[in-house]
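Shown next: entry_12.cif, containing mmCIF, C-alpha atoms.
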data_upload
#
loop_
_atom_site.label_atom_id
_atom_site.label_comp_id
_atom_site.auth_asym_id
_atom_site.auth_seq_id
_atom_site.Cartn_x
_atom_site.Cartn_y
_atom_site.Cartn_z
CA MET A 1 -36.74 46.40 -5.29
CA GLU A 2 -38.50 49.63 -4.37
CA GLU A 3 -41.73 48.40 -5.99
CA ILE A 4 -41.74 45.21 -3.95
CA LYS A 5 -40.92 47.18 -0.81
CA SER A 6 -43.82 49.59 -1.29
CA LYS A 7 -46.16 46.68 -2.04
CA ILE A 8 -45.19 44.98 1.20
CA ILE A 9 -45.61 48.20 3.17
CA GLU A 10 -49.07 48.76 1.68
CA ARG A 11 -50.15 45.23 2.44
CA ILE A 12 -49.00 45.40 6.03
CA LYS A 13 -50.61 48.80 6.58
CA ALA A 14 -53.90 47.53 5.16
CA ASN A 15 -53.92 44.56 7.52
CA PHE A 16 -52.49 46.13 10.69
CA SER A 17 -53.84 49.57 11.48
CA ASP A 18 -51.24 50.35 14.18
CA ALA A 19 -48.18 49.59 12.01
CA LYS A 20 -46.09 52.69 11.42
CA ASN A 21 -43.50 52.61 8.66
CA LYS A 22 -40.22 54.49 8.55
CA SER A 23 -38.35 54.41 5.27
CA TYR A 24 -34.76 53.25 5.01
CA PRO A 25 -32.64 52.85 1.89
CA GLY A 26 -31.52 49.43 0.67
CA ASP A 27 -33.10 46.10 1.51
CA ARG A 28 -34.57 47.17 4.82
CA ILE A 29 -38.21 47.71 5.77
CA ASP A 30 -39.09 49.05 9.19
CA PHE A 31 -42.36 48.78 11.14
CA SER A 32 -43.18 49.79 14.66
CA VAL A 33 -46.29 48.27 16.21
CA ASN A 34 -48.00 47.85 19.56
CA LYS A 35 -46.86 44.90 21.62
CA GLU A 36 -50.26 43.15 21.31
CA THR A 37 -49.86 42.99 17.51
CA ILE A 38 -46.44 41.29 17.55
CA PRO A 39 -47.52 37.61 17.26
CA SER A 40 -50.10 38.29 14.55
CA ILE A 41 -47.81 40.51 12.43
CA LEU A 42 -45.00 37.97 12.65
CA PHE A 43 -47.36 35.13 11.76
CA TYR A 44 -48.61 37.13 8.80
CA LEU A 45 -45.13 38.00 7.57
CA LYS A 46 -43.98 34.41 7.87
CA ASP A 47 -46.96 32.55 6.43
CA GLU A 48 -48.35 35.00 3.88
CA MET A 49 -45.34 37.01 2.71
CA GLY A 50 -42.46 34.57 2.78
CA PHE A 51 -40.33 36.10 5.55
CA LYS A 52 -39.36 32.66 6.73
CA HIS A 53 -36.12 33.29 8.58
CA LEU A 54 -35.79 34.91 12.01
CA SER A 55 -32.36 36.53 11.96
CA HIS A 56 -32.29 38.14 15.35
CA ILE A 57 -34.23 39.47 18.30
CA THR A 58 -32.64 42.29 20.20
CA CYS A 59 -33.51 44.75 22.90
CA VAL A 60 -32.64 48.43 23.35
CA ASP A 61 -32.87 50.11 26.71
CA TRP A 62 -34.29 53.63 26.35
CA LEU A 63 -33.61 54.72 29.91
CA GLU A 64 -34.56 58.38 29.36
CA GLU A 65 -37.98 57.46 27.95
CA ASN A 66 -38.46 54.67 30.54
CA GLU A 67 -39.07 52.11 27.81
CA PHE A 68 -37.55 48.96 26.34
CA GLU A 69 -37.60 48.51 22.58
CA VAL A 70 -37.69 44.90 21.33
CA ILE A 71 -36.69 44.47 17.69
CA PHE A 72 -37.38 41.39 15.56
CA ILE A 73 -35.30 41.12 12.40
CA ILE A 74 -36.72 38.70 9.83
CA TRP A 75 -35.49 37.85 6.36
CA SER A 76 -37.11 36.73 3.14
CA PRO A 77 -34.85 34.43 1.13
CA LEU A 78 -37.12 34.83 -1.90
CA GLU A 79 -37.26 38.63 -2.09
CA LYS A 80 -33.86 39.22 -0.43
CA LEU A 81 -35.44 41.75 1.92
CA LYS A 82 -35.33 42.14 5.68
CA VAL A 83 -38.04 43.49 7.92
CA PHE A 84 -37.48 45.12 11.29
CA VAL A 85 -40.50 44.87 13.57
CA ARG A 86 -40.19 47.09 16.62
CA THR A 87 -42.28 47.37 19.72
CA ARG A 88 -42.01 49.42 22.89
CA LEU A 89 -42.54 48.04 26.40
CA ASP A 90 -43.00 49.83 29.69
CA ARG A 91 -39.72 49.67 31.55
CA ASP A 92 -41.29 49.20 34.98
CA ASN A 93 -43.42 46.25 33.90
CA PRO A 94 -41.91 44.74 30.74
CA VAL A 95 -44.24 41.92 29.72
CA MET A 96 -44.88 40.68 26.19
CA ASP A 97 -46.06 37.60 24.31
CA ASN A 98 -43.84 34.63 23.75
CA ILE A 99 -43.34 33.86 20.04
CA ASP A 100 -41.42 30.59 20.17
CA VAL A 101 -44.39 28.80 18.57
CA ILE A 102 -43.64 30.75 15.37
CA TRP A 103 -39.89 30.17 15.38
CA ARG A 104 -38.33 27.66 17.76
CA GLN A 105 -35.04 29.56 17.87
CA ALA A 106 -36.77 32.58 19.41
CA HIS A 107 -36.71 30.60 22.65
CA THR A 108 -32.96 31.19 23.12
CA TYR A 109 -33.19 34.92 22.46
CA GLU A 110 -36.12 35.25 24.82
CA ARG A 111 -34.29 33.47 27.62
CA GLU A 112 -31.33 35.76 27.15
CA MET A 113 -33.50 38.89 27.17
CA ARG A 114 -35.31 37.68 30.28
CA GLU A 115 -32.01 37.22 32.04
CA MET A 116 -30.15 40.28 30.82
CA PHE A 117 -32.99 42.86 30.75
CA GLY A 118 -35.67 41.30 32.94
CA ILE A 119 -38.34 41.19 30.20
CA GLN A 120 -41.04 38.62 31.01
CA PHE A 121 -42.50 36.56 28.17
CA ASN A 122 -45.97 35.10 28.72
CA GLY A 123 -45.86 31.33 28.53
CA LEU A 124 -42.11 30.94 28.11
CA GLU A 125 -41.29 27.54 29.55
CA ALA A 126 -37.59 27.47 30.43
CA PRO A 127 -35.41 27.27 33.53
CA GLN A 128 -34.61 30.62 35.08
CA ASP A 129 -30.82 30.47 34.73
CA PHE A 130 -29.36 30.75 31.26
CA LEU A 131 -25.95 32.41 31.04
CA LEU A 132 -25.63 33.71 34.57
CA GLU A 133 -25.61 31.52 37.65
CA ASP A 134 -27.33 32.41 40.89
CA TRP A 135 -27.78 36.02 39.86
CA GLU A 136 -29.71 38.19 42.26
CA GLY A 137 -30.67 41.80 41.89
CA MET A 138 -30.90 44.00 38.84
CA PRO A 139 -30.36 42.35 35.43
CA PRO A 140 -26.86 43.33 34.33
CA MET A 141 -27.51 44.67 30.83
CA ARG A 142 -29.88 47.39 31.98
CA ARG A 143 -28.32 50.77 31.55
CA ASP A 144 -28.87 51.88 35.14
CA PHE A 145 -26.91 48.85 36.44
CA ASP A 146 -23.61 50.18 37.80
CA THR A 147 -21.17 47.68 36.30
CA GLU A 148 -18.00 49.36 37.49
CA GLY A 149 -19.31 49.79 41.03
CA TYR A 150 -20.49 46.20 41.17
CA ALA A 151 -17.12 44.90 39.93
CA ALA A 152 -15.21 47.04 42.42
CA GLU A 153 -17.40 45.83 45.26
CA THR A 154 -17.46 42.12 44.38
CA PHE A 155 -14.01 41.36 42.98
CA PHE A 156 -10.49 42.02 44.22
CA GLU A 157 -8.33 44.52 42.46
CA ARG A 158 -4.61 44.11 42.03
CA PRO A 159 -2.77 47.10 43.54
CA GLY A 160 -0.93 49.19 40.98
CA ARG A 161 -3.82 49.85 38.63
CA GLU A 162 -5.32 52.82 40.49
CA ASP A 163 -3.32 55.37 38.54
CA ALA A 164 -4.38 53.92 35.18
CA LYS A 165 -5.31 56.88 33.06
CA ASP A 166 -7.95 57.31 30.43
CA VAL A 167 -6.28 56.68 27.10
CA ARG A 168 -8.70 59.00 25.36
CA GLU A 169 -7.92 61.82 27.84
CA ILE A 170 -4.19 61.58 27.11
CA LEU A 171 -4.75 61.48 23.36
CA THR A 172 -7.13 64.45 23.39
CA GLU A 173 -4.73 66.45 25.55
CA ARG A 174 -2.13 66.00 22.85
CA SER A 175 -4.40 66.79 19.93
CA GLY A 176 -6.52 69.49 21.61
CA GLU A 177 -9.80 67.75 20.79
CA ILE A 178 -12.81 68.37 23.05
CA VAL A 179 -14.56 65.23 24.39
CA PRO A 180 -18.33 65.59 24.96
CA ASP A 181 -19.57 64.86 28.48
CA PHE A 182 -21.61 61.77 27.62
CA ALA A 183 -18.55 60.13 26.06
CA LYS A 184 -16.40 60.75 29.14
CA LYS A 185 -18.64 58.54 31.24
CA TYR A 186 -18.07 55.47 29.07
CA SER A 187 -14.35 55.66 28.45
CA ARG A 188 -11.21 54.83 30.29
CA MET B 1 17.81 6.04 58.51
CA MET B 2 14.72 6.88 56.43
CA ASN B 3 13.71 9.80 58.64
CA ASP B 4 17.16 11.26 58.52
CA LYS B 5 17.10 14.85 57.23
CA ASN B 6 19.95 14.42 54.81
CA SER B 7 18.54 11.32 53.18
CA GLN B 8 15.16 13.07 52.85
CA LYS B 9 16.97 15.88 51.04
CA ILE B 10 18.42 13.43 48.51
CA VAL B 11 15.00 11.86 48.00
CA ASP B 12 13.55 15.33 47.41
CA ILE B 13 16.18 16.15 44.83
CA ILE B 14 15.51 12.95 42.90
CA GLN B 15 11.75 13.45 43.22
CA ASN B 16 11.91 17.03 41.98
CA TYR B 17 14.20 16.03 39.12
CA ALA B 18 11.68 13.43 38.02
CA ARG B 19 8.74 15.79 38.42
CA LEU B 20 10.16 18.70 36.47
CA HIS B 21 10.83 16.60 33.40
CA SER B 22 7.31 15.17 33.12
CA LEU B 23 4.79 17.97 33.49
CA PHE B 24 1.41 16.67 32.42
CA VAL B 25 -0.74 19.66 31.60
CA LEU B 26 -4.48 19.96 31.93
CA ALA B 27 -5.29 22.97 29.78
CA TYR B 28 -8.49 24.55 31.04
CA GLY B 29 -9.35 26.45 27.90
CA THR B 30 -11.26 29.50 29.03
CA GLY B 31 -11.18 32.67 27.03
CA CYS B 32 -8.96 33.18 24.02
CA GLY B 33 -5.72 31.69 25.39
CA ALA B 34 -6.57 28.11 24.44
CA ILE B 35 -5.67 28.93 20.83
CA GLU B 36 -2.00 29.38 21.84
CA ILE B 37 -1.76 25.82 23.16
CA PRO B 38 -1.86 23.90 19.83
CA PRO B 39 1.16 25.74 18.35
CA THR B 40 3.00 25.28 21.65
CA MET B 41 2.37 21.55 21.63
CA THR B 42 2.85 20.84 17.92
CA SER B 43 5.95 20.58 15.77
CA ARG B 44 7.05 24.21 15.49
CA TYR B 45 7.55 24.91 19.20
CA ASP B 46 7.34 21.28 20.33
CA ALA B 47 6.86 21.61 24.07
CA GLU B 48 7.25 17.88 24.53
CA ARG B 49 11.04 18.24 24.37
CA PHE B 50 10.70 19.75 27.88
CA GLY B 51 8.52 16.87 28.99
CA ILE B 52 5.36 18.97 28.74
CA ARG B 53 2.36 17.17 27.34
CA GLY B 54 -1.39 17.08 27.67
CA ALA B 55 -3.32 15.05 30.21
CA ALA B 56 -6.85 13.83 29.69
CA THR B 57 -8.29 14.15 33.18
CA PRO B 58 -7.58 16.20 36.32
CA ARG B 59 -6.42 13.13 38.22
CA GLN B 60 -3.64 12.43 35.73
CA ALA B 61 -2.45 16.03 35.53
CA ASP B 62 0.31 17.92 37.33
CA VAL B 63 -0.21 21.42 35.97
CA LEU B 64 -3.49 23.27 35.67
CA LEU B 65 -3.13 25.81 32.91
CA ILE B 66 -5.78 28.52 33.08
CA THR B 67 -5.76 30.22 29.74
CA GLY B 68 -7.62 33.47 30.11
CA TYR B 69 -10.43 35.23 31.93
CA LEU B 70 -12.55 33.32 34.42
CA THR B 71 -16.18 34.15 34.93
CA THR B 72 -17.68 33.34 38.30
CA LYS B 73 -19.43 30.44 36.57
CA THR B 74 -16.22 28.90 35.24
CA LEU B 75 -14.35 29.64 38.47
CA LYS B 76 -16.65 27.16 40.19
CA ARG B 77 -15.64 24.44 37.70
CA VAL B 78 -11.97 25.36 37.93
CA ILE B 79 -12.03 25.00 41.72
CA ARG B 80 -13.59 21.55 41.35
CA VAL B 81 -10.96 20.57 38.80
CA TYR B 82 -8.14 21.83 40.97
CA GLU B 83 -9.36 20.02 44.06
CA GLN B 84 -9.62 16.74 42.16
CA MET B 85 -5.99 16.90 41.07
CA GLN B 86 -3.46 14.72 42.90
CA ASP B 87 -0.29 16.00 44.50
CA PRO B 88 2.08 17.29 43.15
CA LYS B 89 0.03 19.99 41.45
CA TYR B 90 0.83 23.42 40.12
CA VAL B 91 -1.22 26.26 38.62
CA ILE B 92 -0.13 28.51 35.79
CA GLY B 93 -2.08 31.70 35.21
CA PHE B 94 -1.95 32.59 31.58
CA GLY B 95 -2.50 36.06 30.12
CA SER B 96 -3.19 39.41 31.71
CA CYS B 97 -6.83 38.52 32.47
CA THR B 98 -5.77 36.18 35.26
CA ILE B 99 -3.30 38.75 36.63
CA ASN B 100 -5.40 41.90 36.94
CA GLY B 101 -8.53 41.42 34.88
CA GLY B 102 -7.04 42.67 31.64
CA MET B 103 -9.64 44.18 29.38
CA TYR B 104 -12.40 42.72 31.58
CA TRP B 105 -11.44 44.90 34.55
CA ASP B 106 -14.98 46.32 34.91
CA SER B 107 -16.99 43.25 33.96
CA TYR B 108 -19.83 42.21 36.26
CA ASN B 109 -19.03 38.48 36.17
CA THR B 110 -15.28 38.13 35.63
CA ILE B 111 -12.84 37.71 38.50
CA LYS B 112 -9.77 39.89 38.36
CA VAL B 113 -7.09 38.46 40.64
CA LEU B 114 -6.79 34.69 40.28
CA ASP B 115 -4.39 34.12 43.19
CA LYS B 116 -7.07 35.17 45.69
CA TYR B 117 -9.04 32.07 44.70
CA LEU B 118 -6.40 29.51 43.71
CA PRO B 119 -2.67 29.35 44.52
CA VAL B 120 -0.83 30.37 41.37
CA ASP B 121 2.80 29.28 40.98
CA VAL B 122 3.70 31.10 37.78
CA TYR B 123 2.03 33.88 35.85
CA ILE B 124 2.65 34.34 32.15
CA ASN B 125 2.15 37.92 31.10
CA GLY B 126 0.74 38.99 27.76
CA CYS B 127 -2.47 39.44 25.87
CA MET B 128 -2.08 36.84 24.46
CA PRO B 129 1.36 35.39 25.35
CA ARG B 130 3.07 33.85 22.35
CA PRO B 131 4.23 30.20 22.45
CA GLU B 132 7.77 31.41 23.31
CA ALA B 133 6.37 33.12 26.42
CA VAL B 134 4.39 30.01 27.32
CA ILE B 135 7.54 27.89 27.11
CA ALA B 136 9.45 30.48 29.16
CA GLY B 137 6.73 30.22 31.80
CA PHE B 138 7.06 26.45 31.91
CA VAL B 139 10.86 26.69 32.17
CA LYS B 140 10.38 29.09 35.09
CA LEU B 141 8.04 26.58 36.74
CA GLN B 142 10.63 23.84 36.20
CA SER B 143 13.33 25.89 37.88
CA LEU B 144 10.98 26.56 40.81
CA ILE B 145 10.30 22.84 41.14
CA ARG B 146 14.03 22.10 41.00
CA GLU B 147 14.63 24.49 43.89
CA GLY B 148 11.61 23.11 45.77
CA LYS B 149 9.85 26.49 45.77
CA ALA B 150 6.71 25.60 43.83
CA GLU B 151 4.55 25.07 46.88
CA GLY B 152 1.15 26.31 45.76
CA ALA B 153 -0.65 23.16 46.84
CA LYS B 154 0.82 23.40 50.35
CA LEU B 155 -0.20 27.06 50.52
CA TYR B 156 -3.74 26.09 49.55
CA LYS B 157 -3.89 23.39 52.22
CA ASP B 158 -2.60 25.72 54.92
CA ASN B 159 -4.83 28.67 54.04
CA LEU B 160 -7.90 26.73 52.94
CA GLU B 161 -10.29 28.81 55.05
CA GLN B 162 -9.00 32.05 53.61
CA TYR B 163 -9.37 30.74 50.05
CA ARG B 164 -12.84 29.32 50.78
CA GLU B 165 -13.98 32.66 52.13
CA ASN B 166 -12.86 34.42 48.96
CA GLN B 167 -14.41 31.74 46.76
CA LYS B 168 -17.74 31.84 48.56
CA LYS B 169 -17.85 35.59 48.17
CA VAL B 170 -18.28 35.24 44.39
CA ILE B 171 -20.07 31.86 44.40
CA PRO B 172 -23.05 32.45 46.69
CA ASN B 173 -24.78 29.10 46.11
CA TRP B 174 -22.01 26.76 47.22
CA VAL B 175 -22.99 23.15 46.42
CA MET B 176 -19.63 21.44 46.04
CA PRO B 177 -18.32 18.10 47.25
CA GLU B 178 -15.68 18.24 49.98
CA TYR B 179 -12.54 16.50 48.81
CA ASN B 180 -10.07 14.87 51.17
CA TRP B 181 -7.07 16.91 52.16
#

Go ahead and render the structure in this file as structure tokens.
Amino acid sequence: MEEIKSKIIERIKANFSDAKNKSYPGDRIDFSVNKETIPSILFYLKDEMGFKHLSHITCVDWLEENEFEVIFIIWSPLEKLKVFVRTRLDRDNPVMDNIDVIWRQAHTYEREMREMFGIQFNGLEAPQDFLLEDWEGMPPMRRDFDTEGYAAETFFERPGREDAKDVREILTERSGEIVPDFAKKYSR
Amino acid sequence: MMNDKNSQKIVDIIQNYARLHSLFVLAYGTGCGAIEIPPTMTSRYDAERFGIRGAATPRQADVLLITGYLTTKTLKRVIRVYEQMQDPKYVIGFGSCTINGGMYWDSYNTIKVLDKYLPVDVYINGCMPRPEAVIAGFVKLQSLIREGKAEGAKLYKDNLEQYRENQKKVIPNWVMPEYNW
């Protein structure tokens, strides 16, 4: 498997000068490219190298670096290998190319990313609403969206839950474990 | 004679007796609670021995069973379903999500307290309630009907403005038909 992997990496690097490879064990190959290269590298992987199946498209919000990372996971049924293609977008103006001409099912993922992260895809023809209805304001899956504050402001709360304690706090008090600060923010 | 208070009382008793033994349920299967309905209805727990059975449409149903969390999107549909139902009508809130949000207490699109938006007659606690708990909830509803205390629909009619205000707070784009009251 390693031979085939290194062959694929060589071929991609020869054809796309901006593709950077990071090695992972197992059946996984990882490339990060510029956002302009995305349609051509996906076309090449699909038509020339047999990566016919789009498994998933996902988005990671790197708030500290002010960037979104869009990851395409594609699979080759012949070689039993998967390729991760990553690209970074500017968080203030996240625009990239629409790839639903390559795989039709990308359409659904792109609509969801547009709604949940606010990423705009050039030439994506779809109604604005997908999972949410009449949503205004910041897309809810962005990390700087204050979910708890929004829920407290919009919805009623039944009295009697105010004294609900953090389960992790009680458990760590008993065991004497120290919880790091970043973990405290996300637990209750 | 017909407007006599005592005779009205007798009519009510007979009416309530008939109603409590034929609860036609419209199960609005949101969330995970819908999976508890098949065992409740089928041979092991056999809810039909209490006169509880499914109804196909809102207009044929007496009980609206809301089985789990409601997003703001499904709340809109639930309100439409509830308003289409004919009197007598009752609402059962099912699971802790309808009571106080449950595990979705900090979600951006899930309502937490159902009885601010619809009049709930009986809540069934649990995450998820087992079929025994569901049947206990129905028996509680039956005893409320027998005593003439299950008056959710009347509450909704009387406080319609209050309920509408709460509903419009989470459904900003309100395009709904007005049903007769």

Applying 10 Å and all atoms listed in the file, which residues near Met85 of chain B remain after dropping the ones on its own chain fewer than 3 positions away? List them as a VMD selection string.
chain B and resid 26 57 to 64 80 to 82 88 to 90

Output file for the residues above (C-alpha atoms, as a PDB file, in the frame of the given file):
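What ended up in again_14.pdb:
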ATOM      1  CA  LEU B  26      -4.480  19.960  31.930  1.00  0.00           C
ATOM      2  CA  THR B  57      -8.290  14.150  33.180  1.00  0.00           C
ATOM      3  CA  PRO B  58      -7.580  16.200  36.320  1.00  0.00           C
ATOM      4  CA  ARG B  59      -6.420  13.130  38.220  1.00  0.00           C
ATOM      5  CA  GLN B  60      -3.640  12.430  35.730  1.00  0.00           C
ATOM      6  CA  ALA B  61      -2.450  16.030  35.530  1.00  0.00           C
ATOM      7  CA  ASP B  62       0.310  17.920  37.330  1.00  0.00           C
ATOM      8  CA  VAL B  63      -0.210  21.420  35.970  1.00  0.00           C
ATOM      9  CA  LEU B  64      -3.490  23.270  35.670  1.00  0.00           C
ATOM     10  CA  ARG B  80     -13.590  21.550  41.350  1.00  0.00           C
ATOM     11  CA  VAL B  81     -10.960  20.570  38.800  1.00  0.00           C
ATOM     12  CA  TYR B  82      -8.140  21.830  40.970  1.00  0.00           C
ATOM     13  CA  PRO B  88       2.080  17.290  43.150  1.00  0.00           C
ATOM     14  CA  LYS B  89       0.030  19.990  41.450  1.00  0.00           C
ATOM     15  CA  TYR B  90       0.830  23.420  40.120  1.00  0.00           C
TER      16      TYR B  90
END

What residues come out when you apply the PyMOL selection byres ((chain A) within 6 of (chain B)) to this file, written as a PyMOL selection string?
chain A and resi 147-148+151+155+158

Within 10 Å of (-40.0, 49.7, 26.4), in the coordinates the file gives, what residues turn up when you count all atoms listed in the file, written out as an mmCIF file with C-alpha atoms, keeping the file's coordinate frame?
data_model
loop_
_atom_site.group_PDB
_atom_site.id
_atom_site.type_symbol
_atom_site.label_atom_id
_atom_site.label_comp_id
_atom_site.auth_asym_id
_atom_site.auth_seq_id
_atom_site.Cartn_x
_atom_site.Cartn_y
_atom_site.Cartn_z
ATOM 1 C CA LYS A 35 -46.860 44.900 21.620
ATOM 2 C CA CYS A 59 -33.510 44.750 22.900
ATOM 3 C CA VAL A 60 -32.640 48.430 23.350
ATOM 4 C CA ASP A 61 -32.870 50.110 26.710
ATOM 5 C CA TRP A 62 -34.290 53.630 26.350
ATOM 6 C CA LEU A 63 -33.610 54.720 29.910
ATOM 7 C CA GLU A 65 -37.980 57.460 27.950
ATOM 8 C CA ASN A 66 -38.460 54.670 30.540
ATOM 9 C CA GLU A 67 -39.070 52.110 27.810
ATOM 10 C CA PHE A 68 -37.550 48.960 26.340
ATOM 11 C CA GLU A 69 -37.600 48.510 22.580
ATOM 12 C CA VAL A 70 -37.690 44.900 21.330
ATOM 13 C CA THR A 87 -42.280 47.370 19.720
ATOM 14 C CA ARG A 88 -42.010 49.420 22.890
ATOM 15 C CA LEU A 89 -42.540 48.040 26.400
ATOM 16 C CA ASP A 90 -43.000 49.830 29.690
ATOM 17 C CA ARG A 91 -39.720 49.670 31.550
ATOM 18 C CA ASP A 92 -41.290 49.200 34.980
ATOM 19 C CA ASN A 93 -43.420 46.250 33.900
ATOM 20 C CA PRO A 94 -41.910 44.740 30.740
ATOM 21 C CA VAL A 95 -44.240 41.920 29.720
ATOM 22 C CA ILE A 119 -38.340 41.190 30.200
#

Of the candidates B:Val122, B:Leu160, B:Ala18, B:Cys127, which shows the shortest atom-to-atom distance to Met103 of chain B, using all atoms listed in the file?
B:Cys127

What is the atom CA of Phe84 of chain A to atom CA of Lys20 of chain A distance in Å?
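Atom CA of Lys20 of chain A lies at a distance of 11.5 Å from atom CA of Phe84 of chain A.
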
Between B:Phe24, B:Tyr123, B:Phe138, B:Trp174, which is the closest to Arg77 of chain B once you count all atoms listed in the file?
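Smallest separation from Arg77 of chain B among the options: B:Trp174.
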
Run through the PyMOL selection byres ((chain B and resi 27-30) around 7) on the given coordinates and return the selected residues as a ChimeraX atom specification.
/B:25-26,31-34,64-70

Might you pull out every residue within 8 Å of Lys22 of chain A, with all atoms listed in the file counted and same-chain residues fewer than 5 positions away left off, and present them as a PyMOL selection string?
chain A and resi 29-31
